[in-house]
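Below: the structure, in structure tokens.
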Amino acid sequence: MDGLLLESDALKPLYRDLEALYESAKTCTKCRLASTRTNFVFGEGNPSAKLVVIGEAPGADEDAQGRPFVGRSGQLLDKILVAVGFRREDVFICNILKCRPPQNRNPLQDEIACCLPWLQRQLDLIEPRMLLLLGRVAANTLLGNTLSLGAMRGRILGWNRFECVVTYHPAALLRNPNWKRGCWEDVQLMRRHYDALEGTLNKP
Ligand code: URA
């Protein structure tokens with residue numbers, strides 16, 4: 001199996017549901033970001049979503065509000081999702097890091113290592129079929145590679161029990177609107193694959 005391995009069941013504390021996981025996670029002090037954050041940004045959405053959208057880390061707006069993707073990137077993400085027929089509340093939206101790195105610097109490896117168990121447990125509880133990975137940090141981290149975004153886009157990638165689509169981070173699209181066409185192709189691919197998976201679920 002490629003990429004990050006999920007923890008074995010034996011190591012996993014049992015969380016009843018996402019609410020219980022949040023209660024335990026929100027006071028996390030496992031890394032230095034605990035001392036600079038305003039809010040722990042757990043993520044939000046449908047607790048049994050078949051699609052989980054994963055970004056990099058909270059920015060200033062998200063840190064202030066304690067909610068993922070609520071700033072300019074978030075507004076664009078909402079539009080991208082709507083364009084392929086998902087409302088924000090249909091999916092679950094979260095990040096690799098739950099706390100904002102100062103000045104929005106890139107996540108450090110030890111911060112990612114401290115934070116990933118929270119994401120792993122979120123995925124255990126939500127049990128999605130598909131992941132939409134926004135940007136290189138999310139994709140490289142979960143798929144366990146160092147590939148360029150271009151090398152990961154445009155196809156369905158398997159990771160553990162999930163099927164993943166990689167696309168541009170909305171912040172990158174705000175800087176480079178020329179990449180929007182590529183993102184549109186990626187999310188259409190995701191929607192087609194999602195519908196095909198749903199079709200298999202609904203068959204007797
Ligand atoms: N960028 C991210 O990666 N995540 C957010 O929640 C906001 C901006």
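To be explicit about the labels: the chains of the structure tokens are called A, B, and onward in the order shown, and within each one the residues are counted from 1, while ligands get numbers from 1 in the order they are shown.
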
message: Hey, which residues sit close to ligand 1? Say within 6 Å, counting only C-alpha atoms and all ligand atoms, and write them as a ChimeraX atom specification.
response: /A:55-59,62,68-69,73,95

Saved selection, atoms kept: all heavy atoms, as a PDB file, in the first residue's frame:
```pdb
ATOM      1  N   GLY A  55      -7.857  20.463   2.722  1.00  0.00           N
ATOM      2  CA  GLY A  55      -6.911  21.519   2.370  1.00  0.00           C
ATOM      3  C   GLY A  55      -5.636  21.404   3.182  1.00  0.00           C
ATOM      4  O   GLY A  55      -5.326  20.347   3.752  1.00  0.00           O
ATOM      5  N   GLU A  56      -4.919  22.525   3.254  1.00  0.00           N
ATOM      6  CA  GLU A  56      -3.588  22.501   3.876  1.00  0.00           C
ATOM      7  C   GLU A  56      -3.642  22.847   5.369  1.00  0.00           C
ATOM      8  O   GLU A  56      -3.313  22.034   6.224  1.00  0.00           O
ATOM      9  CB  GLU A  56      -2.719  23.494   3.107  1.00  0.00           C
ATOM     10  CG  GLU A  56      -1.316  23.618   3.612  1.00  0.00           C
ATOM     11  CD  GLU A  56      -0.488  24.545   2.720  1.00  0.00           C
ATOM     12  OE1 GLU A  56      -0.659  24.519   1.484  1.00  0.00           O
ATOM     13  OE2 GLU A  56       0.337  25.292   3.268  1.00  0.00           O
ATOM     14  N   ALA A  57      -4.083  24.056   5.664  1.00  0.00           N
ATOM     15  CA  ALA A  57      -4.083  24.528   7.048  1.00  0.00           C
ATOM     16  C   ALA A  57      -4.955  25.772   7.121  1.00  0.00           C
ATOM     17  O   ALA A  57      -5.121  26.476   6.121  1.00  0.00           O
ATOM     18  CB  ALA A  57      -2.660  24.875   7.487  1.00  0.00           C
ATOM     19  N   PRO A  58      -5.495  26.072   8.299  1.00  0.00           N
ATOM     20  CA  PRO A  58      -6.309  27.286   8.412  1.00  0.00           C
ATOM     21  C   PRO A  58      -5.483  28.535   8.115  1.00  0.00           C
ATOM     22  O   PRO A  58      -4.290  28.589   8.421  1.00  0.00           O
ATOM     23  CB  PRO A  58      -6.738  27.285   9.892  1.00  0.00           C
ATOM     24  CG  PRO A  58      -6.445  25.914  10.407  1.00  0.00           C
ATOM     25  CD  PRO A  58      -5.369  25.337   9.566  1.00  0.00           C
ATOM     26  N   GLY A  59      -6.144  29.540   7.539  1.00  0.00           N
ATOM     27  CA  GLY A  59      -5.542  30.857   7.381  1.00  0.00           C
ATOM     28  C   GLY A  59      -6.074  31.784   8.467  1.00  0.00           C
ATOM     29  O   GLY A  59      -6.678  31.327   9.449  1.00  0.00           O
ATOM     30  N   GLU A  62      -9.933  31.631   9.062  1.00  0.00           N
ATOM     31  CA  GLU A  62     -10.332  30.343   9.650  1.00  0.00           C
ATOM     32  C   GLU A  62      -9.904  30.283  11.122  1.00  0.00           C
ATOM     33  O   GLU A  62     -10.645  29.813  11.986  1.00  0.00           O
ATOM     34  CB  GLU A  62      -9.694  29.194   8.856  1.00  0.00           C
ATOM     35  CG  GLU A  62     -10.245  29.029   7.453  1.00  0.00           C
ATOM     36  CD  GLU A  62      -9.748  30.069   6.440  1.00  0.00           C
ATOM     37  OE1 GLU A  62      -8.699  30.690   6.702  1.00  0.00           O
ATOM     38  OE2 GLU A  62     -10.410  30.251   5.396  1.00  0.00           O
ATOM     39  N   PRO A  68     -13.277  25.918   8.807  1.00  0.00           N
ATOM     40  CA  PRO A  68     -12.389  25.770   7.649  1.00  0.00           C
ATOM     41  C   PRO A  68     -12.909  26.525   6.425  1.00  0.00           C
ATOM     42  O   PRO A  68     -14.131  26.656   6.247  1.00  0.00           O
ATOM     43  CB  PRO A  68     -12.422  24.264   7.378  1.00  0.00           C
ATOM     44  CG  PRO A  68     -13.800  23.859   7.797  1.00  0.00           C
ATOM     45  CD  PRO A  68     -14.122  24.723   9.004  1.00  0.00           C
ATOM     46  N   PHE A  69     -11.999  27.007   5.619  1.00  0.00           N
ATOM     47  CA  PHE A  69     -12.346  27.592   4.315  1.00  0.00           C
ATOM     48  C   PHE A  69     -13.508  28.584   4.396  1.00  0.00           C
ATOM     49  O   PHE A  69     -14.552  28.389   3.761  1.00  0.00           O
ATOM     50  CB  PHE A  69     -12.632  26.475   3.291  1.00  0.00           C
ATOM     51  CG  PHE A  69     -11.373  25.847   2.746  1.00  0.00           C
ATOM     52  CD1 PHE A  69     -10.929  24.621   3.216  1.00  0.00           C
ATOM     53  CD2 PHE A  69     -10.615  26.496   1.775  1.00  0.00           C
ATOM     54  CE1 PHE A  69      -9.762  24.051   2.728  1.00  0.00           C
ATOM     55  CE2 PHE A  69      -9.441  25.925   1.286  1.00  0.00           C
ATOM     56  CZ  PHE A  69      -9.020  24.704   1.758  1.00  0.00           C
ATOM     57  N   SER A  73     -10.451  32.014  -0.181  1.00  0.00           N
ATOM     58  CA  SER A  73     -10.277  30.661  -0.744  1.00  0.00           C
ATOM     59  C   SER A  73     -11.530  29.831  -0.530  1.00  0.00           C
ATOM     60  O   SER A  73     -11.939  29.047  -1.392  1.00  0.00           O
ATOM     61  CB  SER A  73      -9.115  29.927  -0.067  1.00  0.00           C
ATOM     62  OG  SER A  73      -7.910  30.502  -0.387  1.00  0.00           O
ATOM     63  N   ASN A  95      -8.742  20.167   7.055  1.00  0.00           N
ATOM     64  CA  ASN A  95      -7.366  20.438   6.617  1.00  0.00           C
ATOM     65  C   ASN A  95      -6.400  19.401   7.169  1.00  0.00           C
ATOM     66  O   ASN A  95      -6.712  18.714   8.144  1.00  0.00           O
ATOM     67  CB  ASN A  95      -6.943  21.821   7.137  1.00  0.00           C
ATOM     68  CG  ASN A  95      -7.589  22.945   6.369  1.00  0.00           C
ATOM     69  OD1 ASN A  95      -7.374  23.083   5.174  1.00  0.00           O
ATOM     70  ND2 ASN A  95      -8.396  23.748   7.053  1.00  0.00           N
TER      71      ASN A  95
END
```

Test item: residues at most 6 Å from segment 157-166 of chain A, only C-alpha atoms, excluding those fewer than 4 positions along its chain, as a list in words: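 Near segment 157-166 of chain A, the qualifying residues are Arg129, Met130, Leu131, Leu132, Leu133 and Arg153 of chain A.
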
Store the residues picked out above, limited to C-alpha atoms, as a PDB file, in the first residue's frame.
```
ATOM      1  CA  ARG A 129     -15.562   6.913  -0.367  1.00  0.00           C
ATOM      2  CA  MET A 130     -13.693   9.806  -1.985  1.00  0.00           C
ATOM      3  CA  LEU A 131     -11.247  12.512  -0.982  1.00  0.00           C
ATOM      4  CA  LEU A 132     -10.692  15.775  -2.862  1.00  0.00           C
ATOM      5  CA  LEU A 133      -7.148  16.871  -2.061  1.00  0.00           C
ATOM      6  CA  ARG A 153      -3.957  15.598 -11.295  1.00  0.00           C
TER       7      ARG A 153
END
```

- request: Mind the document's chain letters and residue numbers, and return as a ChimeraX atom specification the residues of segment 97-158 of chain A that DSSP labels helix (DSSP H, G or I).
  value: /A:102-104,109-126,135-143,149-152

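For the pair atom CA of Cys28 of chain A and atom CA of Lys98 of chain A, the separation is 9.5 Å.
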
query: Skipping near chain neighbours, those fewer than 6 positions away, what residues fall within 9 Å of segment 172-179 of chain A using only C-alpha atoms, listed as a PyMOL selection string?
result: chain A and resi 72-73+76+135

Export of the given selection (N, CA and C atoms) as a CSV table (one decimal), in the first residue's frame:
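After the write, out_33.csv holds the following:
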```
chain,number,residue,atom,x,y,z
A,72,ARG,N,-11.4,34.1,1.5
A,72,ARG,CA,-11.6,34.2,0.0
A,72,ARG,C,-11.4,32.8,-0.7
A,73,SER,N,-10.5,32.0,-0.2
A,73,SER,CA,-10.3,30.7,-0.7
A,73,SER,C,-11.5,29.8,-0.5
A,76,LEU,N,-14.3,30.7,-2.9
A,76,LEU,CA,-14.1,30.0,-4.2
A,76,LEU,C,-14.3,28.5,-4.1
A,135,GLY,N,-4.4,21.0,-3.4
A,135,GLY,CA,-3.0,21.5,-3.4
A,135,GLY,C,-2.0,20.4,-3.1
```

- request: Write out as a ChimeraX atom specification each polymer residue whose atoms come within 9 Å of segment 193-195 of chain A, counting only C-alpha atoms; drop sequence neighbours fewer than 4 positions from it.
  value: /A:50-51,129-130,156,163,188-189,199-200

message: Please list as a PyMOL selection string every residue within 8 Å of Leu21 of chain A, counting only C-alpha atoms and excluding residues in the same chain fewer than 4 positions away.
response: chain A and resi 15-17+25+121-122

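Proximity ranking of A:Leu123, A:Cys99, A:Val137, A:Val84 relative to Arg67 of chain A places A:Cys99 first, based on only C-alpha atoms.
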
query: Hey, what's within 7 Å of Ser48 of chain A if we count only C-alpha atoms and toss same-chain stuff fewer than 2 positions away? As a PyMOL selection string, please?
result: chain A and resi 46+50+126-127

- request: Would you mind listing what lies within 12 Å of Thr146 of chain A as a list of chain:residue names, with only C-alpha atoms counted and same-chain residues fewer than 6 positions away left out?
  value: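 That gives A:Gly3, A:Arg136, A:Val137, A:Ala138, A:Ala139, A:Asn140, A:Met152.
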
query: Pick from A:Val52, A:Leu147, A:Cys31, A:Ile80: nearest to Arg181 of chain A, with only C-alpha atoms counted?
result: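 Distance minimum relative to Arg181 of chain A lands on A:Ile80.
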
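The coordinates place atom CA of Ala83 of chain A at 8.7 Å from atom CA of Val187 of chain A.
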
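Atom CA of Glu89 of chain A to atom CA of Ala60 of chain A spans 22.1 Å [interatomic distance, one decimal].
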